[in-house]
Every structure is written in C-alpha cells, then in structure tokens.
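What follows is work_12.cif (mmCIF, N, CA and C atoms).
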data_target
loop_
_atom_site.label_atom_id
_atom_site.label_comp_id
_atom_site.auth_asym_id
_atom_site.auth_seq_id
_atom_site.Cartn_x
_atom_site.Cartn_y
_atom_site.Cartn_z
N MET A 1 -137.71 -83.32 -128.78
CA MET A 1 -137.54 -83.72 -127.40
C MET A 1 -137.28 -85.22 -127.27
N LYS A 2 -138.02 -86.03 -128.06
CA LYS A 2 -137.80 -87.47 -127.99
C LYS A 2 -136.38 -87.83 -128.42
N GLN A 3 -135.90 -87.12 -129.43
CA GLN A 3 -134.55 -87.40 -129.90
C GLN A 3 -133.53 -87.06 -128.81
N ASN A 4 -133.78 -86.00 -128.05
CA ASN A 4 -132.89 -85.63 -126.96
C ASN A 4 -132.88 -86.71 -125.89
N LEU A 5 -134.05 -87.26 -125.56
CA LEU A 5 -134.13 -88.33 -124.56
C LEU A 5 -133.41 -89.58 -125.04
N ILE A 6 -133.54 -89.89 -126.32
CA ILE A 6 -132.85 -91.06 -126.87
C ILE A 6 -131.34 -90.87 -126.80
N LEU A 7 -130.87 -89.68 -127.10
CA LEU A 7 -129.44 -89.40 -127.02
C LEU A 7 -128.94 -89.50 -125.57
N GLN A 8 -129.71 -88.97 -124.63
CA GLN A 8 -129.33 -89.05 -123.23
C GLN A 8 -129.30 -90.50 -122.75
N LEU A 9 -130.29 -91.28 -123.15
CA LEU A 9 -130.32 -92.70 -122.79
C LEU A 9 -129.13 -93.44 -123.42
N ALA A 10 -128.80 -93.06 -124.65
CA ALA A 10 -127.65 -93.68 -125.32
C ALA A 10 -126.35 -93.39 -124.56
N ILE A 11 -126.23 -92.18 -124.01
CA ILE A 11 -125.03 -91.84 -123.23
C ILE A 11 -124.95 -92.72 -121.99
N ILE A 12 -126.08 -92.85 -121.28
CA ILE A 12 -126.11 -93.67 -120.07
C ILE A 12 -125.78 -95.13 -120.42
N LEU A 13 -126.39 -95.64 -121.47
CA LEU A 13 -126.15 -97.03 -121.87
C LEU A 13 -124.71 -97.24 -122.32
N PHE A 14 -124.14 -96.28 -123.04
CA PHE A 14 -122.76 -96.39 -123.48
C PHE A 14 -121.82 -96.49 -122.28
N VAL A 15 -122.04 -95.63 -121.29
CA VAL A 15 -121.18 -95.66 -120.10
C VAL A 15 -121.35 -96.98 -119.35
N THR A 16 -122.59 -97.48 -119.28
CA THR A 16 -122.85 -98.76 -118.62
C THR A 16 -122.14 -99.90 -119.35
N TYR A 17 -122.26 -99.94 -120.67
CA TYR A 17 -121.61 -100.99 -121.43
C TYR A 17 -120.09 -100.87 -121.39
N ALA A 18 -119.58 -99.64 -121.32
CA ALA A 18 -118.13 -99.46 -121.17
C ALA A 18 -117.66 -100.04 -119.84
N GLY A 19 -118.46 -99.82 -118.80
CA GLY A 19 -118.12 -100.40 -117.50
C GLY A 19 -118.15 -101.92 -117.54
N ASN A 20 -119.15 -102.49 -118.23
CA ASN A 20 -119.22 -103.95 -118.37
C ASN A 20 -118.03 -104.49 -119.16
N PHE A 21 -117.63 -103.77 -120.20
CA PHE A 21 -116.49 -104.20 -120.99
C PHE A 21 -115.21 -104.18 -120.14
N LEU A 22 -115.00 -103.08 -119.40
CA LEU A 22 -113.82 -103.00 -118.54
C LEU A 22 -113.85 -104.09 -117.47
N SER A 23 -115.03 -104.40 -116.98
CA SER A 23 -115.16 -105.46 -115.98
C SER A 23 -114.75 -106.81 -116.55
N SER A 24 -115.06 -107.04 -117.81
CA SER A 24 -114.70 -108.32 -118.43
C SER A 24 -113.18 -108.45 -118.62
N LEU A 25 -112.46 -107.34 -118.61
CA LEU A 25 -111.01 -107.37 -118.77
C LEU A 25 -110.28 -107.63 -117.46
N LEU A 26 -110.98 -107.43 -116.34
CA LEU A 26 -110.34 -107.61 -115.04
C LEU A 26 -110.10 -109.09 -114.75
N PRO A 27 -109.03 -109.42 -114.03
CA PRO A 27 -108.75 -110.83 -113.72
C PRO A 27 -109.59 -111.36 -112.55
N PHE A 28 -110.43 -110.51 -111.97
CA PHE A 28 -111.28 -110.92 -110.85
C PHE A 28 -112.70 -110.40 -111.13
N PRO A 29 -113.70 -111.04 -110.54
CA PRO A 29 -115.07 -110.59 -110.79
C PRO A 29 -115.35 -109.25 -110.10
N PHE A 30 -115.89 -108.32 -110.86
CA PHE A 30 -116.27 -107.01 -110.33
C PHE A 30 -117.44 -106.52 -111.17
N PRO A 31 -118.48 -105.99 -110.53
CA PRO A 31 -119.67 -105.57 -111.29
C PRO A 31 -119.36 -104.45 -112.27
N GLY A 32 -119.68 -104.68 -113.51
CA GLY A 32 -119.47 -103.68 -114.55
C GLY A 32 -120.32 -102.45 -114.35
N VAL A 33 -121.47 -102.61 -113.73
CA VAL A 33 -122.36 -101.48 -113.49
C VAL A 33 -121.69 -100.49 -112.53
N ILE A 34 -120.96 -101.00 -111.55
CA ILE A 34 -120.26 -100.13 -110.60
C ILE A 34 -119.15 -99.37 -111.32
N ILE A 35 -118.44 -100.05 -112.20
CA ILE A 35 -117.40 -99.37 -112.98
C ILE A 35 -118.04 -98.30 -113.86
N GLY A 36 -119.16 -98.64 -114.48
CA GLY A 36 -119.87 -97.66 -115.31
C GLY A 36 -120.32 -96.46 -114.50
N LEU A 37 -120.80 -96.69 -113.28
CA LEU A 37 -121.21 -95.60 -112.41
C LEU A 37 -120.01 -94.71 -112.06
N ALA A 38 -118.87 -95.34 -111.79
CA ALA A 38 -117.66 -94.57 -111.51
C ALA A 38 -117.22 -93.77 -112.74
N LEU A 39 -117.33 -94.38 -113.91
CA LEU A 39 -116.99 -93.66 -115.15
C LEU A 39 -117.90 -92.45 -115.35
N LEU A 40 -119.19 -92.64 -115.10
CA LEU A 40 -120.14 -91.54 -115.24
C LEU A 40 -119.82 -90.43 -114.24
N PHE A 41 -119.50 -90.82 -113.01
CA PHE A 41 -119.13 -89.82 -112.00
C PHE A 41 -117.90 -89.03 -112.44
N VAL A 42 -116.88 -89.73 -112.90
CA VAL A 42 -115.64 -89.05 -113.33
C VAL A 42 -115.93 -88.12 -114.50
N ALA A 43 -116.73 -88.58 -115.45
CA ALA A 43 -117.06 -87.75 -116.61
C ALA A 43 -117.84 -86.50 -116.19
N LEU A 44 -118.76 -86.65 -115.26
CA LEU A 44 -119.53 -85.50 -114.78
C LEU A 44 -118.67 -84.57 -113.94
N TYR A 45 -117.87 -85.13 -113.06
CA TYR A 45 -117.03 -84.32 -112.16
C TYR A 45 -115.96 -83.56 -112.93
N SER A 46 -115.39 -84.19 -113.93
CA SER A 46 -114.31 -83.55 -114.69
C SER A 46 -114.84 -82.54 -115.71
N GLY A 47 -116.13 -82.55 -115.95
CA GLY A 47 -116.70 -81.63 -116.93
C GLY A 47 -116.71 -82.19 -118.34
N LEU A 48 -116.20 -83.41 -118.49
CA LEU A 48 -116.21 -84.06 -119.80
C LEU A 48 -117.65 -84.25 -120.28
N LEU A 49 -118.54 -84.48 -119.34
CA LEU A 49 -119.96 -84.65 -119.62
C LEU A 49 -120.73 -83.66 -118.77
N LYS A 50 -121.62 -82.91 -119.37
CA LYS A 50 -122.41 -81.93 -118.64
C LYS A 50 -123.64 -82.61 -118.04
N VAL A 51 -124.03 -82.16 -116.86
CA VAL A 51 -125.21 -82.72 -116.20
C VAL A 51 -126.44 -82.54 -117.08
N SER A 52 -126.51 -81.42 -117.76
CA SER A 52 -127.68 -81.15 -118.62
C SER A 52 -127.80 -82.16 -119.76
N SER A 53 -126.71 -82.84 -120.10
CA SER A 53 -126.77 -83.80 -121.19
C SER A 53 -127.38 -85.14 -120.79
N VAL A 54 -127.62 -85.34 -119.49
CA VAL A 54 -128.28 -86.57 -119.04
C VAL A 54 -129.40 -86.30 -118.04
N ARG A 55 -129.70 -85.04 -117.76
CA ARG A 55 -130.65 -84.67 -116.70
C ARG A 55 -132.05 -85.22 -116.94
N GLU A 56 -132.59 -85.03 -118.13
CA GLU A 56 -133.98 -85.43 -118.38
C GLU A 56 -134.18 -86.94 -118.21
N VAL A 57 -133.31 -87.72 -118.81
CA VAL A 57 -133.48 -89.18 -118.75
C VAL A 57 -133.21 -89.71 -117.34
N THR A 58 -132.29 -89.09 -116.61
CA THR A 58 -132.06 -89.54 -115.25
C THR A 58 -133.24 -89.20 -114.35
N ASN A 59 -133.88 -88.07 -114.58
CA ASN A 59 -135.09 -87.74 -113.82
C ASN A 59 -136.20 -88.75 -114.08
N ILE A 60 -136.33 -89.18 -115.33
CA ILE A 60 -137.34 -90.19 -115.66
C ILE A 60 -137.00 -91.52 -114.99
N LEU A 61 -135.73 -91.91 -115.05
CA LEU A 61 -135.32 -93.16 -114.41
C LEU A 61 -135.52 -93.11 -112.90
N LEU A 62 -135.20 -91.99 -112.28
CA LEU A 62 -135.39 -91.87 -110.83
C LEU A 62 -136.87 -91.90 -110.46
N ALA A 63 -137.70 -91.26 -111.27
CA ALA A 63 -139.14 -91.24 -110.98
C ALA A 63 -139.75 -92.63 -111.09
N ASN A 64 -139.16 -93.50 -111.89
CA ASN A 64 -139.69 -94.84 -112.11
C ASN A 64 -138.78 -95.93 -111.54
N MET A 65 -137.98 -95.58 -110.54
CA MET A 65 -137.01 -96.51 -109.99
C MET A 65 -137.66 -97.76 -109.39
N THR A 66 -138.84 -97.62 -108.83
CA THR A 66 -139.48 -98.78 -108.20
C THR A 66 -139.68 -99.92 -109.19
N PHE A 67 -139.93 -99.60 -110.44
CA PHE A 67 -140.10 -100.65 -111.44
C PHE A 67 -138.81 -101.43 -111.70
N LEU A 68 -137.68 -100.79 -111.43
CA LEU A 68 -136.40 -101.45 -111.66
C LEU A 68 -136.09 -102.51 -110.60
N PHE A 69 -136.83 -102.50 -109.48
CA PHE A 69 -136.63 -103.49 -108.43
C PHE A 69 -137.49 -104.73 -108.63
N ILE A 70 -138.38 -104.73 -109.59
CA ILE A 70 -139.26 -105.88 -109.82
C ILE A 70 -138.46 -107.14 -110.16
N PRO A 71 -137.48 -107.10 -111.06
CA PRO A 71 -136.71 -108.33 -111.33
C PRO A 71 -135.99 -108.87 -110.10
N ALA A 72 -135.46 -108.00 -109.27
CA ALA A 72 -134.77 -108.47 -108.06
C ALA A 72 -135.77 -109.12 -107.10
N GLY A 73 -136.93 -108.52 -106.95
CA GLY A 73 -137.96 -109.10 -106.09
C GLY A 73 -138.43 -110.44 -106.60
N THR A 74 -138.57 -110.57 -107.90
CA THR A 74 -138.97 -111.84 -108.50
C THR A 74 -137.90 -112.90 -108.27
N GLY A 75 -136.65 -112.51 -108.37
CA GLY A 75 -135.55 -113.45 -108.12
C GLY A 75 -135.55 -113.94 -106.68
N ILE A 76 -135.87 -113.05 -105.75
CA ILE A 76 -135.94 -113.47 -104.34
C ILE A 76 -137.08 -114.46 -104.14
N ILE A 77 -138.21 -114.18 -104.75
CA ILE A 77 -139.36 -115.09 -104.62
C ILE A 77 -139.03 -116.45 -105.22
N ASN A 78 -138.32 -116.46 -106.33
CA ASN A 78 -137.92 -117.73 -106.94
C ASN A 78 -136.92 -118.49 -106.09
N SER A 79 -136.21 -117.79 -105.20
CA SER A 79 -135.20 -118.42 -104.36
C SER A 79 -135.70 -118.73 -102.95
N LEU A 80 -136.99 -118.67 -102.72
CA LEU A 80 -137.52 -118.91 -101.38
C LEU A 80 -137.14 -120.28 -100.80
N PRO A 81 -137.12 -121.36 -101.57
CA PRO A 81 -136.71 -122.64 -100.98
C PRO A 81 -135.28 -122.60 -100.42
N VAL A 82 -134.38 -121.94 -101.10
CA VAL A 82 -133.00 -121.82 -100.61
C VAL A 82 -132.96 -120.91 -99.38
N LEU A 83 -133.71 -119.81 -99.43
CA LEU A 83 -133.73 -118.88 -98.30
C LEU A 83 -134.34 -119.52 -97.06
N ALA A 84 -135.29 -120.44 -97.25
CA ALA A 84 -135.92 -121.11 -96.11
C ALA A 84 -134.91 -121.96 -95.34
N VAL A 85 -133.92 -122.49 -96.04
CA VAL A 85 -132.90 -123.32 -95.39
C VAL A 85 -131.87 -122.45 -94.68
N TYR A 86 -131.47 -121.36 -95.29
CA TYR A 86 -130.36 -120.53 -94.78
C TYR A 86 -130.82 -119.19 -94.23
N TRP A 87 -132.07 -119.06 -93.80
CA TRP A 87 -132.60 -117.77 -93.38
C TRP A 87 -131.82 -117.19 -92.21
N TRP A 88 -131.40 -118.01 -91.29
CA TRP A 88 -130.72 -117.49 -90.10
C TRP A 88 -129.33 -116.96 -90.44
N LYS A 89 -128.63 -117.61 -91.38
CA LYS A 89 -127.33 -117.11 -91.81
C LYS A 89 -127.49 -115.77 -92.54
N LEU A 90 -128.51 -115.71 -93.35
CA LEU A 90 -128.80 -114.48 -94.08
C LEU A 90 -129.14 -113.35 -93.10
N LEU A 91 -129.91 -113.66 -92.07
CA LEU A 91 -130.28 -112.66 -91.07
C LEU A 91 -129.04 -112.14 -90.34
N ILE A 92 -128.12 -113.01 -89.99
CA ILE A 92 -126.88 -112.60 -89.31
C ILE A 92 -126.05 -111.69 -90.23
N VAL A 93 -125.94 -112.07 -91.49
CA VAL A 93 -125.17 -111.25 -92.44
C VAL A 93 -125.82 -109.88 -92.61
N ILE A 94 -127.14 -109.84 -92.70
CA ILE A 94 -127.85 -108.56 -92.85
C ILE A 94 -127.64 -107.69 -91.62
N LEU A 95 -127.76 -108.27 -90.44
CA LEU A 95 -127.58 -107.49 -89.21
C LEU A 95 -126.15 -106.95 -89.09
N ILE A 96 -125.16 -107.80 -89.34
CA ILE A 96 -123.77 -107.37 -89.23
C ILE A 96 -123.45 -106.28 -90.27
N SER A 97 -123.89 -106.50 -91.50
CA SER A 97 -123.59 -105.51 -92.54
C SER A 97 -124.32 -104.19 -92.28
N THR A 98 -125.50 -104.25 -91.68
CA THR A 98 -126.22 -103.02 -91.33
C THR A 98 -125.46 -102.24 -90.26
N VAL A 99 -125.01 -102.93 -89.24
CA VAL A 99 -124.25 -102.27 -88.17
C VAL A 99 -122.95 -101.68 -88.71
N VAL A 100 -122.23 -102.45 -89.51
CA VAL A 100 -120.98 -101.96 -90.10
C VAL A 100 -121.24 -100.73 -90.96
N THR A 101 -122.29 -100.77 -91.77
CA THR A 101 -122.63 -99.63 -92.62
C THR A 101 -122.95 -98.40 -91.79
N MET A 102 -123.72 -98.58 -90.72
CA MET A 102 -124.07 -97.44 -89.87
C MET A 102 -122.83 -96.85 -89.19
N VAL A 103 -121.94 -97.70 -88.70
CA VAL A 103 -120.72 -97.22 -88.03
C VAL A 103 -119.82 -96.49 -89.02
N VAL A 104 -119.59 -97.07 -90.17
CA VAL A 104 -118.72 -96.42 -91.16
C VAL A 104 -119.33 -95.11 -91.64
N THR A 105 -120.64 -95.09 -91.85
CA THR A 105 -121.30 -93.86 -92.26
C THR A 105 -121.15 -92.79 -91.18
N GLY A 106 -121.31 -93.17 -89.92
CA GLY A 106 -121.12 -92.22 -88.82
C GLY A 106 -119.72 -91.65 -88.80
N TRP A 107 -118.71 -92.52 -88.97
CA TRP A 107 -117.32 -92.05 -89.00
C TRP A 107 -117.08 -91.08 -90.15
N VAL A 108 -117.61 -91.42 -91.32
CA VAL A 108 -117.42 -90.55 -92.48
C VAL A 108 -118.08 -89.19 -92.25
N VAL A 109 -119.27 -89.18 -91.69
CA VAL A 109 -119.96 -87.92 -91.42
C VAL A 109 -119.19 -87.11 -90.38
N GLN A 110 -118.72 -87.77 -89.31
CA GLN A 110 -117.95 -87.04 -88.29
C GLN A 110 -116.67 -86.47 -88.87
N TYR A 111 -115.97 -87.24 -89.69
CA TYR A 111 -114.75 -86.75 -90.32
C TYR A 111 -115.06 -85.59 -91.27
N SER A 112 -116.14 -85.73 -92.03
CA SER A 112 -116.51 -84.66 -92.97
C SER A 112 -116.84 -83.37 -92.23
N ILE A 113 -117.58 -83.47 -91.13
CA ILE A 113 -117.90 -82.28 -90.33
C ILE A 113 -116.61 -81.67 -89.77
N TYR A 114 -115.72 -82.50 -89.24
CA TYR A 114 -114.45 -82.02 -88.71
C TYR A 114 -113.63 -81.33 -89.81
N TYR A 115 -113.56 -81.96 -90.97
CA TYR A 115 -112.78 -81.41 -92.07
C TYR A 115 -113.36 -80.08 -92.55
N LEU A 116 -114.69 -80.01 -92.69
CA LEU A 116 -115.31 -78.78 -93.15
C LEU A 116 -115.16 -77.65 -92.14
N ARG A 117 -115.27 -77.97 -90.84
CA ARG A 117 -115.08 -76.94 -89.82
C ARG A 117 -113.63 -76.45 -89.81
N LYS A 118 -112.71 -77.39 -89.96
CA LYS A 118 -111.29 -77.03 -89.98
C LYS A 118 -110.96 -76.18 -91.21
N ARG A 119 -111.56 -76.53 -92.32
CA ARG A 119 -111.31 -75.83 -93.57
C ARG A 119 -111.87 -74.41 -93.55
N ASN A 120 -113.03 -74.22 -92.91
CA ASN A 120 -113.67 -72.92 -92.90
C ASN A 120 -113.22 -72.03 -91.75
N SER A 121 -112.42 -72.57 -90.83
CA SER A 121 -111.98 -71.75 -89.70
C SER A 121 -110.82 -70.85 -90.14
N PRO A 122 -110.74 -69.67 -89.54
CA PRO A 122 -109.62 -68.78 -89.89
C PRO A 122 -108.28 -69.34 -89.40
N ILE A 123 -107.25 -69.08 -90.18
CA ILE A 123 -105.91 -69.55 -89.82
C ILE A 123 -105.35 -68.70 -88.69
N LYS A 124 -104.82 -69.36 -87.65
CA LYS A 124 -104.27 -68.62 -86.49
C LYS A 124 -102.79 -68.78 -86.41
#
Can the structure from this file be put into structure tokens for me?
Amino acid sequence: MKQNLILQLAIILFVTYAGNFLSSLLPFPFPGVIIGLALLFVALYSGLLKVSSVREVTNILLANMTFLFIPAGTGIINSLPVLAVYWWKLLIVILISTVVTMVVTGWVVQYSIYYLRKRNSPIK
C-alpha cells in the first residue's frame, strides 16, 4: 500500500514539475502549477490517466489541505508592514474581484442551466 501511495504521489509531482517546466518555456510569466493542473485534467479527461491511479493520495491531500495554507498565512503575517500601508487598495481589489467572480459565476451557471435544458428537451 505504501508503494502505491508513493507511485501516486510521484504521478502528481511529475505532472506538477512538467507544468513548471512548460511555464519556464513561456515568454511571459504564468504559474506552472496551473499548467500542471490543466495537464492533470487533460490526462484524466482523456483517459490517459485513470482516476484510480491517483485517488488515494489525492484523498489524503484533500483531507490535510488546511496544512497547505500555513506557508501562505505565514507570508501574509510577514508582510503586515506593507499591508498596513496599502490596506485600502487591497480592500478595493478584493471587493471588486469578489463581485466580478460572483457575476461571472452566475452567468456561467445560468448558461449551463440553459444549455442543459436545451440539450435535454425533445426536438420539435
């Protein structure tokens, strides 16, 4: 079982490092982790990679996700002097991005519902 978990973790890490490598080849900055996530999605969706081949380790990672936010929280605490100066700009950006996210999410949900209803309706 441990060997299976190590293999599953190796698959996740390989995809992550592949995304980082592809990111380093781009002429503009783009997070390699996002590319790796897209690669993992494509591999799972296309059937190249089976969900069962990463299920156990992803369940463990999801169950312990809160620990993965500790470095980010520590970074914010270390940046408190900078945040104290620009707190109002940060607040405006957070509010605007929250509203934009909610509006876009609403549009996507409405379109998805419309598309699914249209798709499932009988042809007349």
- [ ] Might you spell out which residues the PyMOL selection byres (((chain A and resi 15 and name CA) around 10) and name CA) would select in the displayed file, as an NGL selection string?
- [x] :A and (9-14 or 16-21 or 32-33 or 35-40 or 43)
Please give the centre and size of the box around segment 74-84 of chain A (axis-aligned, containing every atom listed in the file, 4 Å added per side), with values in Å to one decimal and written as JSON.
{"center_x": -136.2, "center_y": -116.6, "center_z": -101.9, "size_x": 14.4, "size_y": 20.1, "size_z": 21.2}
Open item on the list: So the first atom is atom C of Ile77 of chain A and the second is atom C of Leu61 of chain A; what is the distance between them in Å, to one decimal place?
Closed with: 24.8 Å
Task: helix (DSSP H, G or I) per DSSP on the backbone: members of segment 25-107 of chain A, as a PyMOL selection string - done: chain A and resi 25+32-46+51-53+55-63+65-68+70-78+80-107
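Our summary of the geometry notes that atom CA of Leu44 of chain A is positioned 27.7 Å from atom N of Met102 of chain A.
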Open item on the list: One decimal, in Å: what's the spacing between atom CA of Ser79 of chain A and atom CA of Leu91 of chain A?
Closed with: 15.3 Å
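Using only C-alpha atoms for every distance, the candidate list A:Val54, A:Ser23, A:Phe41, A:Leu48 yields A:Val54 as the residue closest to Leu7 of chain A.
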